[in-house]
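For reference, the structure is listed below as structure tokens.
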Amino acid sequence: MNEKTDLRVIKTRNLLYNTLLDLLKDYPFEKIKVSDICNKAKINRSTFYSHYNDKYELMVDFMNNLKYSLVEQLEKNNYNYSLNTKEYYLEMIRLLLDYIEEKKQIYQFALVNNENSLLVEILENTIINDITNTIGKNKVAIPSDIISKFYVGGVVSIVVSWLKGNIKYSKKEILEYFSKLIPSDL
């Protein structure tokens, strides 16, 4: 049995993810120690170290899992090739907001309560890759990497503000505003 399918490994890693998330509610990541994670999870340090070298490796693994689930969510948009560019962007933003809303607590603890830019960077890079791969297939007047970075910067900024509670608009209202902001002839 390999590590990815071993139920004990999966359960232990999920326990460590959830424990880290629980600690992030109250403490910045930088203040959390491996011993805090082990004590809260009620596991031995040797168990922790059999899975991860340090808390940073745990955090990277946790973030990568979030990234892969976001990629899966965004791939739903790529199956609809009949969308024009504006429709593609709006659908991508809707999928992103649905995903963030579903995992809102995770993102709030990992992003809002901790000024760690790793999660923002993962969000941005994942969305930029999705856009660049999709738009790169079409002929557009502006290079796809410029378009994607321009729109992703705005979208991620609004999503972070929405998570922090600085934006009081509903998901539906945010999508309507993006619809007005994104030109039809992009």
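Residues in the structure tokens are named by chain (A, B, ... in the order shown) and by number from 1 within that chain; ligands are numbered from 1 in the order shown.
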
Contacts of segment 48-53 of chain A at 10 Å or less, counting only C-alpha atoms, minus same-chain residues fewer than 5 places along, as a ChimeraX atom specification?
/A:3,9,12-13,16,34-35,37-38,41,43,58-59,61

For each of A:Leu66, A:Ile146, A:Leu95, A:Leu74, take the minimum atom-to-atom distance to Val120 of chain A, counting only C-alpha atoms, then give the residue where this is smallest.
A:Leu66

Compare A:Glu91, A:Ser170, A:Gln108, A:Leu97 by their minimum atom-to-atom distance to Ile131 of chain A, counting only C-alpha atoms, and give me the closest one.
A:Glu91

Write out as a VMD selection string which residues come within 12 Å of Lys76 of chain A when counting only C-alpha atoms, dropping same-chain ones fewer than 6 positions away.
chain A and resid 69 to 70 88 91 to 96 99 130

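For the choices A:Asn39, A:Asp26, A:Lys33, A:Ala141, the atom-to-atom distance to Asp54 of chain A is smallest for A:Lys33 when using only C-alpha atoms.
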
Can you pull out the residues contacting Ser148 of chain A? Cut-off 12 Å, using only C-alpha atoms, and skip same-chain residues under 5 positions away; I want them as an MDAnalysis selection string.
chainID A and resid 85 89 92 124:136 142:143 153:156 186

Residues from the last selection, N, CA and C atoms, saved as an mmCIF file, in the first residue's frame:
data_model
loop_
_atom_site.group_PDB
_atom_site.id
_atom_site.type_symbol
_atom_site.label_atom_id
_atom_site.label_comp_id
_atom_site.auth_asym_id
_atom_site.auth_seq_id
_atom_site.Cartn_x
_atom_site.Cartn_y
_atom_site.Cartn_z
ATOM 1 N N THR A 85 -14.855 34.937 -24.036
ATOM 2 C CA THR A 85 -13.878 35.278 -23.007
ATOM 3 C C THR A 85 -14.530 35.885 -21.773
ATOM 4 N N TYR A 89 -14.482 34.265 -17.994
ATOM 5 C CA TYR A 89 -14.024 34.945 -16.772
ATOM 6 C C TYR A 89 -15.096 34.940 -15.694
ATOM 7 N N MET A 92 -15.415 31.533 -14.269
ATOM 8 C CA MET A 92 -14.259 31.241 -13.433
ATOM 9 C C MET A 92 -14.395 31.935 -12.077
ATOM 10 N N GLU A 124 -3.428 33.111 -6.603
ATOM 11 C CA GLU A 124 -3.105 33.874 -7.810
ATOM 12 C C GLU A 124 -2.492 32.983 -8.884
ATOM 13 N N ASN A 125 -1.480 32.201 -8.518
ATOM 14 C CA ASN A 125 -0.792 31.370 -9.507
ATOM 15 C C ASN A 125 -1.710 30.313 -10.113
ATOM 16 N N THR A 126 -2.575 29.736 -9.310
ATOM 17 C CA THR A 126 -3.504 28.718 -9.815
ATOM 18 C C THR A 126 -4.469 29.325 -10.819
ATOM 19 N N ILE A 127 -4.998 30.487 -10.491
ATOM 20 C CA ILE A 127 -5.954 31.136 -11.400
ATOM 21 C C ILE A 127 -5.238 31.643 -12.646
ATOM 22 N N ILE A 128 -4.056 32.225 -12.485
ATOM 23 C CA ILE A 128 -3.286 32.710 -13.644
ATOM 24 C C ILE A 128 -2.983 31.559 -14.596
ATOM 25 N N ASN A 129 -2.578 30.419 -14.072
ATOM 26 C CA ASN A 129 -2.306 29.255 -14.924
ATOM 27 C C ASN A 129 -3.553 28.818 -15.671
ATOM 28 N N ASP A 130 -4.685 28.806 -14.991
ATOM 29 C CA ASP A 130 -5.942 28.414 -15.630
ATOM 30 C C ASP A 130 -6.275 29.377 -16.767
ATOM 31 N N ILE A 131 -6.186 30.665 -16.499
ATOM 32 C CA ILE A 131 -6.516 31.673 -17.513
ATOM 33 C C ILE A 131 -5.524 31.609 -18.677
ATOM 34 N N THR A 132 -4.243 31.566 -18.358
ATOM 35 C CA THR A 132 -3.223 31.552 -19.409
ATOM 36 C C THR A 132 -3.383 30.337 -20.306
ATOM 37 N N ASN A 133 -3.651 29.185 -19.715
ATOM 38 C CA ASN A 133 -3.846 27.970 -20.515
ATOM 39 C C ASN A 133 -5.092 28.061 -21.385
ATOM 40 N N THR A 134 -6.137 28.661 -20.867
ATOM 41 C CA THR A 134 -7.382 28.763 -21.621
ATOM 42 C C THR A 134 -7.295 29.843 -22.695
ATOM 43 N N ILE A 135 -6.860 31.028 -22.312
ATOM 44 C CA ILE A 135 -6.796 32.135 -23.265
ATOM 45 C C ILE A 135 -5.682 31.925 -24.278
ATOM 46 N N GLY A 136 -4.623 31.276 -23.845
ATOM 47 C CA GLY A 136 -3.505 31.033 -24.747
ATOM 48 C C GLY A 136 -3.915 30.283 -26.002
ATOM 49 N N ILE A 142 -4.100 41.292 -26.567
ATOM 50 C CA ILE A 142 -3.217 41.512 -25.428
ATOM 51 C C ILE A 142 -2.680 40.144 -24.995
ATOM 52 N N PRO A 143 -1.380 40.044 -24.679
ATOM 53 C CA PRO A 143 -0.844 38.740 -24.249
ATOM 54 C C PRO A 143 -1.611 38.180 -23.048
ATOM 55 N N GLY A 153 -5.344 39.952 -10.184
ATOM 56 C CA GLY A 153 -5.023 40.899 -9.113
ATOM 57 C C GLY A 153 -6.275 41.508 -8.518
ATOM 58 N N GLY A 154 -7.194 41.942 -9.373
ATOM 59 C CA GLY A 154 -8.444 42.528 -8.894
ATOM 60 C C GLY A 154 -9.343 41.509 -8.212
ATOM 61 N N VAL A 155 -9.466 40.343 -8.821
ATOM 62 C CA VAL A 155 -10.341 39.305 -8.265
ATOM 63 C C VAL A 155 -9.838 38.857 -6.898
ATOM 64 N N VAL A 156 -8.548 38.558 -6.784
ATOM 65 C CA VAL A 156 -8.003 38.079 -5.514
ATOM 66 C C VAL A 156 -8.114 39.169 -4.450
ATOM 67 N N LEU A 186 -13.203 41.382 -24.962
ATOM 68 C CA LEU A 186 -11.864 41.084 -24.475
ATOM 69 C C LEU A 186 -11.198 40.027 -25.318
#

Skipping near chain neighbours, those fewer than 2 positions away, what residues fall within 10 Å of Phe178 of chain A using only C-alpha atoms, listed as an NGL selection string?
:A and (86 or 89-90 or 93-94 or 151 or 154-155 or 172-176 or 180-183)

Those residues you just picked out, can you put them in a file as a PDB file, in the first residue's frame with N, CA and C atoms?
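Okay, result26.pdb is ready:
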ATOM      1  N   LYS A  86     -15.475  36.782 -21.963  1.00  0.00           N
ATOM      2  CA  LYS A  86     -16.152  37.399 -20.812  1.00  0.00           C
ATOM      3  C   LYS A  86     -16.904  36.334 -20.022  1.00  0.00           C
ATOM      4  N   TYR A  89     -14.482  34.265 -17.994  1.00  0.00           N
ATOM      5  CA  TYR A  89     -14.024  34.945 -16.772  1.00  0.00           C
ATOM      6  C   TYR A  89     -15.096  34.940 -15.694  1.00  0.00           C
ATOM      7  N   LEU A  90     -16.311  35.258 -16.075  1.00  0.00           N
ATOM      8  CA  LEU A  90     -17.388  35.309 -15.089  1.00  0.00           C
ATOM      9  C   LEU A  90     -17.658  33.937 -14.490  1.00  0.00           C
ATOM     10  N   ILE A  93     -14.832  33.183 -12.082  1.00  0.00           N
ATOM     11  CA  ILE A  93     -14.998  33.930 -10.834  1.00  0.00           C
ATOM     12  C   ILE A  93     -16.106  33.303  -9.990  1.00  0.00           C
ATOM     13  N   ARG A  94     -17.196  32.877 -10.636  1.00  0.00           N
ATOM     14  CA  ARG A  94     -18.283  32.217  -9.901  1.00  0.00           C
ATOM     15  C   ARG A  94     -17.786  30.931  -9.255  1.00  0.00           C
ATOM     16  N   TYR A 151      -6.523  40.822 -14.308  1.00  0.00           N
ATOM     17  CA  TYR A 151      -7.807  40.450 -13.724  1.00  0.00           C
ATOM     18  C   TYR A 151      -7.670  39.674 -12.418  1.00  0.00           C
ATOM     19  N   GLY A 154      -7.194  41.942  -9.373  1.00  0.00           N
ATOM     20  CA  GLY A 154      -8.444  42.528  -8.894  1.00  0.00           C
ATOM     21  C   GLY A 154      -9.343  41.509  -8.212  1.00  0.00           C
ATOM     22  N   VAL A 155      -9.466  40.343  -8.821  1.00  0.00           N
ATOM     23  CA  VAL A 155     -10.341  39.305  -8.265  1.00  0.00           C
ATOM     24  C   VAL A 155      -9.838  38.857  -6.898  1.00  0.00           C
ATOM     25  N   LYS A 172     -23.596  37.054  -5.274  1.00  0.00           N
ATOM     26  CA  LYS A 172     -24.349  37.404  -6.483  1.00  0.00           C
ATOM     27  C   LYS A 172     -24.055  38.845  -6.906  1.00  0.00           C
ATOM     28  N   GLU A 173     -24.031  39.762  -5.938  1.00  0.00           N
ATOM     29  CA  GLU A 173     -23.738  41.164  -6.260  1.00  0.00           C
ATOM     30  C   GLU A 173     -22.319  41.318  -6.797  1.00  0.00           C
ATOM     31  N   ILE A 174     -21.370  40.623  -6.192  1.00  0.00           N
ATOM     32  CA  ILE A 174     -19.982  40.704  -6.653  1.00  0.00           C
ATOM     33  C   ILE A 174     -19.882  40.230  -8.098  1.00  0.00           C
ATOM     34  N   LEU A 175     -20.568  39.145  -8.413  1.00  0.00           N
ATOM     35  CA  LEU A 175     -20.550  38.640  -9.792  1.00  0.00           C
ATOM     36  C   LEU A 175     -21.183  39.642 -10.760  1.00  0.00           C
ATOM     37  N   GLU A 176     -22.251  40.307 -10.334  1.00  0.00           N
ATOM     38  CA  GLU A 176     -22.880  41.333 -11.177  1.00  0.00           C
ATOM     39  C   GLU A 176     -21.924  42.490 -11.435  1.00  0.00           C
ATOM     40  N   LYS A 180     -20.094  43.833 -15.059  1.00  0.00           N
ATOM     41  CA  LYS A 180     -20.034  45.197 -15.594  1.00  0.00           C
ATOM     42  C   LYS A 180     -18.596  45.654 -15.845  1.00  0.00           C
ATOM     43  N   LEU A 181     -17.653  45.123 -15.077  1.00  0.00           N
ATOM     44  CA  LEU A 181     -16.257  45.531 -15.199  1.00  0.00           C
ATOM     45  C   LEU A 181     -15.519  44.850 -16.359  1.00  0.00           C
ATOM     46  N   ILE A 182     -15.930  43.651 -16.707  1.00  0.00           N
ATOM     47  CA  ILE A 182     -15.237  42.903 -17.749  1.00  0.00           C
ATOM     48  C   ILE A 182     -15.861  43.229 -19.104  1.00  0.00           C
ATOM     49  N   PRO A 183     -15.062  43.752 -20.030  1.00  0.00           N
ATOM     50  CA  PRO A 183     -15.614  44.105 -21.344  1.00  0.00           C
ATOM     51  C   PRO A 183     -16.009  42.868 -22.149  1.00  0.00           C
TER      52      PRO A 183
END

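Reported to one decimal place, the separation of atom CA of Lys104 of chain A from atom CA of Arg45 of chain A is 29.7 Å.
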
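Going from atom CA of Glu101 of chain A to atom CA of Lys164 of chain A covers 12.4 Å.
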